[in-house]
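Participant: Contents are CSV, C-alpha atoms; file name model.csv:
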chain,number,residue,atom,x,y,z
A,1,MET,CA,0.0,0.0,0.0
A,2,LEU,CA,3.0,2.3,0.3
A,3,LEU,CA,5.6,3.7,-2.0
A,4,VAL,CA,9.0,3.7,-0.3
A,5,LEU,CA,11.5,6.1,-1.8
A,6,ALA,CA,14.7,5.0,-0.1
A,7,SER,CA,18.0,3.2,-0.6
A,8,PRO,CA,18.3,-0.2,1.0
A,9,HIS,CA,21.3,0.9,3.2
A,10,LEU,CA,19.1,3.5,4.8
A,11,LEU,CA,16.6,1.1,6.1
A,12,ALA,CA,16.6,0.2,9.8
A,13,THR,CA,16.9,-3.5,10.9
A,14,GLN,CA,13.8,-5.6,11.3
A,15,LEU,CA,14.3,-5.5,15.1
A,16,ASP,CA,14.0,-1.7,15.0
A,17,GLN,CA,10.9,-1.6,12.9
A,18,VAL,CA,8.3,-2.0,15.7
A,19,THR,CA,9.9,0.8,17.8
A,20,LEU,CA,10.2,3.1,14.8
A,21,LYS,CA,6.7,2.5,13.7
A,22,LYS,CA,5.3,3.2,17.2
A,23,GLU,CA,7.2,6.5,17.2
A,24,LEU,CA,5.9,7.4,13.7
A,25,GLU,CA,2.4,6.3,14.6
A,26,GLU,CA,2.4,8.7,17.6
A,27,GLN,CA,3.6,11.6,15.5
A,28,LEU,CA,1.1,10.8,12.7
A,29,ILE,CA,-1.8,10.7,15.1
A,30,ARG,CA,-0.7,13.9,16.9
A,31,THR,CA,-0.2,15.8,13.6
A,32,ALA,CA,-3.6,14.6,12.2
A,33,ALA,CA,-5.4,15.6,15.3
A,34,GLU,CA,-3.9,19.1,15.2
A,35,LEU,CA,-4.8,19.5,11.5
A,36,THR,CA,-8.2,18.0,11.4
A,37,GLY,CA,-9.6,18.7,14.9
A,38,ALA,CA,-10.5,15.0,15.3
A,39,LYS,CA,-9.8,13.3,18.7
A,40,ALA,CA,-6.6,11.5,18.8
A,41,SER,CA,-8.4,8.4,20.1
A,42,ASN,CA,-10.4,8.3,16.9
A,43,ILE,CA,-7.4,8.3,14.5
A,44,GLU,CA,-5.8,5.2,13.3
A,45,ALA,CA,-2.4,5.3,11.5
A,46,LEU,CA,-2.2,2.7,8.7
A,47,ILE,CA,1.5,2.0,8.9
A,48,TRP,CA,1.6,-1.6,10.1
A,49,ASP,CA,2.1,-3.2,6.7
A,50,ASN,CA,5.1,-5.5,6.7
A,51,ARG,CA,6.3,-4.1,3.4
A,52,LEU,CA,6.8,-0.7,4.9
A,53,LYS,CA,10.3,-0.1,6.2
A,54,ILE,CA,11.0,3.0,8.3
A,55,ILE,CA,14.4,4.6,8.6
A,56,ASP,CA,15.7,6.0,11.9
A,57,CYS,CA,15.5,9.7,11.5
A,58,GLU,CA,17.5,11.8,14.0
A,59,GLU,CA,15.2,14.8,13.4
A,60,GLU,CA,11.4,14.6,13.8
A,61,TYR,CA,9.6,13.5,10.6
A,62,LEU,CA,8.0,16.2,8.6
A,63,ILE,CA,4.3,15.1,8.1
A,64,THR,CA,1.9,16.8,5.7
A,65,PHE,CA,-1.5,16.0,4.2
A,66,PRO,CA,-1.0,17.3,0.7
A,67,PHE,CA,-4.2,15.9,-0.9
A,68,SER,CA,-7.8,16.9,-0.6
A,69,ASP,CA,-8.9,13.5,0.6
A,70,GLY,CA,-7.5,14.6,4.0
A,71,VAL,CA,-6.2,11.0,4.9
A,72,THR,CA,-3.1,10.6,2.7
A,73,ALA,CA,0.0,11.7,4.6
A,74,LYS,CA,3.5,12.4,3.2
A,75,VAL,CA,6.3,11.6,5.7
A,76,VAL,CA,9.7,13.0,5.1
A,77,CYS,CA,13.0,12.6,7.0
A,78,PRO,CA,14.5,16.1,6.5
A,79,GLU,CA,18.1,15.1,6.9
A,80,ASN,CA,18.3,12.8,3.8
A,81,SER,CA,14.9,13.5,2.0
A,82,TRP,CA,13.7,9.9,2.5
A,83,SER,CA,10.0,9.9,2.2
A,84,ILE,CA,6.9,7.7,2.0
A,85,PHE,CA,3.2,8.1,1.4
A,86,THR,CA,0.8,6.5,3.9
A,87,ARG,CA,-2.7,6.9,5.1
A,88,ILE,CA,-4.8,7.4,8.3
A,89,LYS,CA,-8.3,6.5,9.1
A,90,ILE,CA,-10.6,8.7,11.3
A,91,HIS,CA,-13.4,6.9,13.0
A,92,ASN,CA,-16.8,8.4,14.1
A,93,SER,CA,-16.9,10.8,11.2
A,94,GLU,CA,-19.8,13.1,10.4
A,95,PHE,CA,-21.6,12.3,7.1
A,96,GLY,CA,-21.8,14.9,4.3
A,97,PHE,CA,-21.2,15.1,0.6
A,98,ARG,CA,-18.2,15.5,-1.7
A,99,TYR,CA,-18.2,16.6,-5.4
A,100,LEU,CA,-17.2,13.9,-7.9
A,101,ARG,CA,-16.0,16.3,-10.5
A,102,ASN,CA,-14.8,19.9,-11.0
A,103,LEU,CA,-17.7,22.4,-11.4
A,104,SER,CA,-17.6,26.0,-12.5
A,105,GLU,CA,-19.5,29.0,-11.3
A,106,GLY,CA,-23.0,29.0,-12.7
A,107,ASP,CA,-23.1,25.2,-13.2
A,108,THR,CA,-26.3,23.4,-12.0
A,109,LEU,CA,-25.8,20.6,-9.5
A,110,SER,CA,-27.2,17.2,-10.3
A,111,ARG,CA,-27.4,14.1,-8.0
A,112,GLY,CA,-24.7,12.4,-10.1
A,113,ASP,CA,-22.2,15.2,-9.2
A,114,VAL,CA,-21.9,14.3,-5.6
A,115,GLU,CA,-21.6,11.3,-3.3
A,116,ARG,CA,-22.3,10.9,0.4
A,117,GLN,CA,-19.2,10.3,2.4
A,118,ALA,CA,-17.8,10.5,5.9
A,119,ILE,CA,-16.3,13.9,6.6
A,120,ASN,CA,-13.5,13.5,9.0
A,121,HIS,CA,-12.1,17.0,9.5
A,122,LYS,CA,-13.2,20.4,10.7
A,123,LEU,CA,-14.6,22.8,8.1
A,124,LYS,CA,-14.8,26.6,7.8
A,125,GLY,CA,-18.5,27.1,7.2
A,126,ASP,CA,-21.7,25.0,7.1
A,127,MET,CA,-21.7,21.6,5.4
A,128,VAL,CA,-24.7,20.5,3.3
A,129,THR,CA,-26.3,17.5,5.0
A,130,HIS,CA,-29.6,17.4,3.0
A,131,ILE,CA,-28.5,17.1,-0.7
A,132,ALA,CA,-32.0,17.8,-1.9
A,133,ASP,CA,-31.5,21.4,-0.7
A,134,VAL,CA,-29.0,22.0,-3.5
A,135,ILE,CA,-29.9,19.7,-6.3
A,136,GLY,CA,-30.9,21.8,-9.3
A,137,ARG,CA,-29.2,24.9,-7.8
A,138,SER,CA,-26.5,27.0,-9.5
A,139,LEU,CA,-23.1,27.4,-8.0
A,140,LYS,CA,-21.9,30.8,-7.0
A,141,ARG,CA,-18.3,29.7,-7.1
A,142,SER,CA,-16.1,27.1,-8.7
A,143,VAL,CA,-15.5,23.9,-6.8
A,144,LYS,CA,-13.1,21.0,-7.3
A,145,ALA,CA,-13.6,17.2,-7.3
A,146,SER,CA,-13.4,15.8,-3.7
A,147,ASN,CA,-14.3,19.2,-2.1
A,148,VAL,CA,-17.0,19.0,0.6
A,149,VAL,CA,-20.4,20.4,-0.5
A,150,MET,CA,-20.9,23.5,1.5
A,151,VAL,CA,-23.9,25.8,2.0
A,152,GLU,CA,-21.6,28.7,1.0
A,153,ASP,CA,-21.2,27.2,-2.5
A,154,TYR,CA,-24.8,28.4,-3.4
A,155,GLU,CA,-26.9,31.5,-3.2
A,156,GLU,CA,-29.0,31.9,-0.1
A,157,ILE,CA,-31.9,29.6,-0.6
A,158,GLY,CA,-33.2,28.6,2.8
A,159,PHE,CA,-31.7,25.2,3.7
A,160,SER,CA,-34.4,23.2,5.3
A,161,GLY,CA,-33.9,19.6,4.2
A,162,ALA,CA,-37.1,19.6,2.1
A,163,ALA,CA,-36.8,18.0,-1.3
A,164,LYS,CA,-36.8,20.3,-4.3
A,165,ASP,CA,-36.1,17.8,-7.1
A,166,ASP,CA,-38.8,19.3,-9.4
A,167,ASP,CA,-37.4,22.8,-9.1
A,168,ARG,CA,-36.0,23.3,-12.6
A,169,SER,CA,-35.4,26.4,-14.5
A,170,ALA,CA,-37.5,27.1,-17.6
A,171,THR,CA,-34.5,26.7,-19.9
A,172,GLU,CA,-33.8,23.1,-18.8
A,173,THR,CA,-36.2,21.4,-21.2
A,174,TYR,CA,-34.3,18.4,-22.5
A,175,VAL,CA,-34.1,15.0,-20.8
A,176,LEU,CA,-32.0,11.9,-21.6
A,177,ILE,CA,-33.5,8.9,-23.4
A,178,SER,CA,-31.5,5.6,-23.8
A,179,ASN,CA,-30.6,4.7,-27.4
A,180,GLY,CA,-30.5,0.9,-26.6
A,181,SER,CA,-30.2,-1.6,-23.9
A,182,ILE,CA,-28.0,-0.7,-20.9
A,183,THR,CA,-26.8,-3.3,-18.4
A,184,ARG,CA,-27.0,-2.8,-14.7
A,185,GLY,CA,-23.7,-1.5,-13.3
A,186,GLN,CA,-22.5,-0.3,-16.8
A,187,ARG,CA,-20.6,3.0,-16.8
A,188,LEU,CA,-22.5,5.5,-18.9
A,189,SER,CA,-21.3,7.8,-21.7
A,190,PRO,CA,-23.1,10.6,-23.7
A,191,GLU,CA,-23.3,8.4,-26.8
A,192,LEU,CA,-25.7,6.0,-25.0
A,193,PHE,CA,-28.5,8.7,-24.9
A,194,THR,CA,-30.5,11.1,-27.0
A,195,PRO,CA,-31.6,14.5,-25.6
A,196,THR,CA,-35.4,14.7,-25.9
A,197,ILE,CA,-37.7,17.7,-25.2
A,198,GLN,CA,-39.2,17.3,-21.8
A,199,THR,CA,-43.0,16.6,-21.7
A,200,GLU,CA,-45.5,16.0,-19.0
A,201,GLN,CA,-44.9,12.3,-19.3
A,202,ALA,CA,-41.3,12.6,-18.3
A,203,PRO,CA,-40.6,11.5,-14.7
A,204,LYS,CA,-39.9,14.3,-12.2
A,205,ASP,CA,-36.5,12.8,-11.5
A,206,ALA,CA,-35.5,12.5,-15.2
A,207,LEU,CA,-31.9,13.7,-15.7
A,208,LEU,CA,-31.4,16.7,-17.8
A,209,GLN,CA,-29.2,17.3,-20.8
A,210,GLY,CA,-25.9,18.6,-19.6
A,211,VAL,CA,-25.4,16.1,-16.8
A,212,GLU,CA,-22.0,14.5,-17.1
A,213,VAL,CA,-23.2,10.9,-17.3
A,214,LYS,CA,-19.7,9.5,-17.4
A,215,HIS,CA,-19.7,9.9,-13.6
A,216,LEU,CA,-22.8,7.6,-13.3
A,217,GLU,CA,-23.7,3.9,-13.6
A,218,THR,CA,-27.1,2.2,-13.8
A,219,THR,CA,-28.6,0.5,-10.8
A,220,ARG,CA,-30.8,-1.8,-13.0
A,221,ASP,CA,-31.1,-2.8,-16.7
A,222,LEU,CA,-32.5,-0.1,-19.0
A,223,THR,CA,-34.2,-0.8,-22.3
A,224,SER,CA,-34.2,1.3,-25.4
A,225,GLY,CA,-36.3,4.5,-25.0
A,226,GLU,CA,-36.2,4.6,-21.2
A,227,TYR,CA,-35.6,7.8,-19.4
A,228,LEU,CA,-32.4,8.1,-17.5
A,229,ARG,CA,-33.5,9.0,-13.9
A,230,LYS,CA,-31.9,9.8,-10.6
A,231,SER,CA,-33.7,6.7,-9.2
A,232,ASN,CA,-32.0,4.3,-11.6
A,233,THR,CA,-28.4,5.7,-11.4
A,234,LYS,CA,-25.7,6.2,-8.9
A,235,PRO,CA,-22.2,7.6,-8.9
A,236,THR,CA,-19.7,5.3,-10.4
A,237,LEU,CA,-16.2,4.6,-9.1
A,238,ALA,CA,-13.7,6.4,-11.4
A,239,VAL,CA,-11.5,3.3,-11.1
A,240,ARG,CA,-12.8,-0.1,-10.3
A,241,LYS,CA,-11.0,-2.9,-8.4
A,242,GLY,CA,-9.1,-5.1,-10.8
A,243,GLU,CA,-9.2,-2.5,-13.6
A,244,ILE,CA,-6.1,-2.4,-15.9
A,245,LEU,CA,-4.8,1.1,-16.3
A,246,THR,CA,-1.9,2.8,-18.1
A,247,LEU,CA,0.4,4.7,-15.7
A,248,SER,CA,2.8,7.3,-17.2
A,249,ILE,CA,5.9,8.1,-15.2
A,250,VAL,CA,7.9,11.2,-16.3
A,251,ARG,CA,11.3,11.9,-14.9
A,252,GLY,CA,12.9,14.9,-16.6
A,253,MET,CA,13.4,14.0,-20.3
A,254,ILE,CA,12.6,10.3,-19.6
A,255,SER,CA,9.0,9.0,-19.9
A,256,ILE,CA,8.1,5.4,-18.9
A,257,THR,CA,4.7,3.8,-19.4
A,258,ALA,CA,3.6,0.9,-17.2
A,259,GLN,CA,0.5,-1.3,-17.0
A,260,VAL,CA,-1.0,-1.4,-13.5
A,261,ARG,CA,-3.9,-3.2,-11.9
A,262,ALA,CA,-6.0,-1.4,-9.4
A,263,SER,CA,-5.9,-3.3,-6.1
A,264,GLU,CA,-8.9,-1.3,-4.9
A,265,GLY,CA,-11.6,0.9,-6.3
A,266,GLY,CA,-11.4,4.7,-6.0
A,267,LYS,CA,-13.2,8.0,-6.7
A,268,ILE,CA,-11.7,11.1,-8.2
A,269,GLY,CA,-9.3,12.6,-5.8
A,270,GLU,CA,-8.7,9.4,-3.8
A,271,VAL,CA,-5.4,7.7,-3.4
A,272,ILE,CA,-5.4,4.0,-4.2
A,273,GLU,CA,-3.0,1.1,-4.3
A,274,LEU,CA,-1.8,-0.1,-7.8
A,275,GLU,CA,0.1,-3.2,-8.7
A,276,ASN,CA,2.7,-3.1,-11.6
A,277,ILE,CA,1.6,-6.0,-13.8
A,278,ASP,CA,5.2,-6.8,-15.0
A,279,SER,CA,7.1,-6.5,-11.7
A,280,GLY,CA,4.3,-7.1,-9.1
A,281,ASN,CA,5.5,-4.0,-7.2
A,282,LEU,CA,2.9,-2.0,-5.3
A,283,VAL,CA,2.7,1.8,-5.6
A,284,LEU,CA,0.2,4.5,-4.7
A,285,GLY,CA,-1.6,6.6,-7.3
A,286,MET,CA,-4.2,9.3,-7.2
A,287,VAL,CA,-7.4,8.9,-9.3
A,288,VAL,CA,-7.6,12.0,-11.5
A,289,ASP,CA,-10.5,11.1,-13.9
A,290,ILE,CA,-12.5,8.1,-15.1
A,291,GLY,CA,-10.0,5.3,-15.7
A,292,LYS,CA,-7.0,7.6,-15.1
A,293,VAL,CA,-4.4,7.7,-12.3
A,294,GLU,CA,-1.2,9.6,-11.6
A,295,LEU,CA,1.7,8.2,-9.6
A,296,LEU,CA,2.4,9.9,-6.3
A,297,ASN,CA,5.9,11.1,-6.1
Here is the file; what I need is its structure written in the form of structure tokens.
Facilitator:
Amino acid sequence: MLLVLASPHLLATQLDQVTLKKELEEQLIRTAAELTGAKASNIEALIWDNRLKIIDCEEEYLITFPFSDGVTAKVVCPENSWSIFTRIKIHNSEFGFRYLRNLSEGDTLSRGDVERQAINHKLKGDMVTHIADVIGRSLKRSVKASNVVMVEDYEEIGFSGAAKDDDRSATETYVLISNGSITRGQRLSPELFTPTIQTEQAPKDALLQGVEVKHLETTRDLTSGEYLRKSNTKPTLAVRKGEILTLSIVRGMISITAQVRASEGGKIGEVIELENIDSGNLVLGMVVDIGKVELLN
């Protein structure tokens, strides 16, 4: 699960590993508690993988959380630039929503743009807990994939928790109709649908033209001519467990391409474990789009 960037002669002996990992565990938990506001007793440091080897650093490790997922830590020994990526888990988190893709100011939010997740860090502002309050609303500022959905992202609209799924603007007059059969669990693409003028026969939860369907999958089989609806879709994982991906590694003027297999599924913005198909080595990569990952370095 971890990418170790160190020379073998820097690694401590196996006997030292338990002691070193306990020291690093304490520092990881302390740093995470300070940065997230979570109780130290609720934080678990995921460093007890036998493949992870810690070096004895005379100075205190430098620990940062450079990614928006809030749980991927970068650990650096400042005296020799040895570093690893690892992760933490925060228990007893509050549930909210995160964006699944980048959205611009003025974009209209659809249910497929967000996913309910545990939010494990303090936020400046009010988090949206009833997603129906913002479905169909326009953003007043741009947001990025994996950002928490906040009340402040939208104009003042009276957040009450009451559903407003049928609150559409007059210009949103096209709904999506399937061109042919679609299998349950299938990732969607725009080519699978035809925009059709909305009529009274269209379901209230029919998805409108403009929704990025590539972020969705179906929850049941669809036949040709069926409406694409919120009730028959859900957000899809950007990368699925076992999926074969192409990973490009660029170092200066040198570019290397490797085939990797996802050891776990992941959403955009998440860090997942990848296995090099040729060597069997494990590395960490960040999911950046549907079927795309970037190596952490």
Participant: Every residue with an atom at most 9 Å from (-5.4, 6.2, -2.2) (file coordinates; all atoms listed in the file) is what I'm after, so could you write them as an MDAnalysis selection string?
Facilitator: chainID A and resid 1 69 71:72 86:87 264 266 269:273 284:287
Participant: Would you mind exporting the chosen residues as a short mmCIF file (atom, residue, chain, number, x, y, z; two decimals), in the frame of the given file, restricted to C-alpha atoms?
Facilitator:
data_model
loop_
_atom_site.label_atom_id
_atom_site.label_comp_id
_atom_site.auth_asym_id
_atom_site.auth_seq_id
_atom_site.Cartn_x
_atom_site.Cartn_y
_atom_site.Cartn_z
CA MET A 1 0.00 0.00 0.00
CA ASP A 69 -8.90 13.50 0.60
CA VAL A 71 -6.20 11.00 4.90
CA THR A 72 -3.10 10.60 2.70
CA THR A 86 0.80 6.50 3.90
CA ARG A 87 -2.70 6.90 5.10
CA GLU A 264 -8.90 -1.30 -4.90
CA GLY A 266 -11.40 4.70 -6.00
CA GLY A 269 -9.30 12.60 -5.80
CA GLU A 270 -8.70 9.40 -3.80
CA VAL A 271 -5.40 7.70 -3.40
CA ILE A 272 -5.40 4.00 -4.20
CA GLU A 273 -3.00 1.10 -4.30
CA LEU A 284 0.20 4.50 -4.70
CA GLY A 285 -1.60 6.60 -7.30
CA MET A 286 -4.20 9.30 -7.20
CA VAL A 287 -7.40 8.90 -9.30
#
Participant: Counting all atoms listed in the file, figure out which residue out of A:Glu275, A:Asp49, A:Glu34, A:Glu212 gets nearest to Lys241 in chain A.
Facilitator: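 Answer, going by the shortest atom-to-atom distance: A:Glu275.
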Participant: Have a look at A:Ile256, A:Ile88, A:Leu188, A:Leu100 and name the one nearest to Phe65 in chain A; count all atoms listed in the file.
Facilitator: A:Ile88
Participant: Between A:Leu245, A:Leu207, A:Ile63, A:Ile135, which one has atoms that come closest to Pro78 in chain A, using all atoms listed in the file?
Facilitator: A:Ile63
Participant: Could you state the separation of CA of Thr236 in chain A and CA of Leu216 in chain A in Å, given to one decimal place?
Facilitator: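 These two atoms are separated by 4.8 Å.
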Participant: Per residue of range 173-284 of chain A within 7 Å of range 109-133 of chain A, which atom pair is closest and at what distance in Å (one decimal), using all atoms listed in the file, listed by chain and increasing number, as JSON lines?
Facilitator:
{"residue": "A:Val211", "atom": "CA", "partner": "A:Ser110", "partner_atom": "CA", "distance": 6.8}
{"residue": "A:His215", "atom": "CA", "partner": "A:Gly112", "partner_atom": "CA", "distance": 6.6}
{"residue": "A:Leu216", "atom": "CA", "partner": "A:Gly112", "partner_atom": "CA", "distance": 6.1}
{"residue": "A:Lys230", "atom": "CA", "partner": "A:Arg111", "partner_atom": "CA", "distance": 6.7}
{"residue": "A:Lys234", "atom": "CA", "partner": "A:Gly112", "partner_atom": "CA", "distance": 6.4}
{"residue": "A:Pro235", "atom": "CA", "partner": "A:Gly112", "partner_atom": "CA", "distance": 5.5}
Participant: Of the candidates A:Val213, A:Leu46, A:Ile54, A:Val283, which shows the shortest atom-to-atom distance to Phe193 in chain A, using only C-alpha atoms?
Facilitator: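 Closest to Phe193 in chain A of all the choices is A:Val213.
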Participant: At a cut-off of 6 Å, can you tabulate as a Markdown table every residue of range 58-97 of chain A near range 41-44 of chain A together with its closest atom pair and the distance in Å to one decimal, using only C-alpha atoms and ordering rows by chain then number?
Facilitator:
| residue | atom | partner | partner_atom | distance |
| --- | --- | --- | --- | --- |
| A:Ile88 | CA | A:Glu44 | CA | 5.6 |
| A:Lys89 | CA | A:Glu44 | CA | 5.1 |
| A:Ile90 | CA | A:Ile43 | CA | 4.5 |
| A:His91 | CA | A:Asn42 | CA | 5.1 |
Participant: Give me, please, the distance in Å between CA of Ile47 in chain A and CA of Asn80 in chain A, quoted to one decimal.
Facilitator: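 Calculated distance between CA of Ile47 in chain A and CA of Asn80 in chain A is 20.6 Å.
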Participant: So which one's closest to Leu282 in chain A, A:Arg137, A:Glu152, A:Leu52, A:Glu26? Using all atoms listed in the file, please.
Facilitator: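 Of A:Arg137, A:Glu152, A:Leu52, A:Glu26, the one nearest Leu282 in chain A is A:Leu52, counting all atoms listed in the file.
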Participant: So how far away is CA of Val143 in chain A from CA of Ser231 in chain A, in Å?
Facilitator: 25.2 Å
Participant: I'd like the neighbourhood of Thr246 in chain A as an mmCIF file with C-alpha atoms, in the coordinates of the input, where a residue qualifies if any of its atoms comes within 7 Å (using all atoms listed in the file), though same-chain residues fewer than 4 positions away should be ignored.
Facilitator:
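Dumped to part.cif:
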data_model
loop_
_atom_site.group_PDB
_atom_site.id
_atom_site.type_symbol
_atom_site.label_atom_id
_atom_site.label_comp_id
_atom_site.auth_asym_id
_atom_site.auth_seq_id
_atom_site.Cartn_x
_atom_site.Cartn_y
_atom_site.Cartn_z
ATOM 1 C CA THR A 257 4.700 3.800 -19.400
ATOM 2 C CA ALA A 258 3.600 0.900 -17.200
ATOM 3 C CA GLN A 259 0.500 -1.300 -17.000
ATOM 4 C CA VAL A 260 -1.000 -1.400 -13.500
#
Participant: Can you tell me, as an MDAnalysis selection string, what residues are no more than 12 Å from Tyr227 in chain A when counting only C-alpha atoms, ignoring any on the same chain fewer than 3 positions away?
Facilitator: chainID A and resid 174:182 192:199 201:209 218 221:224 230:233
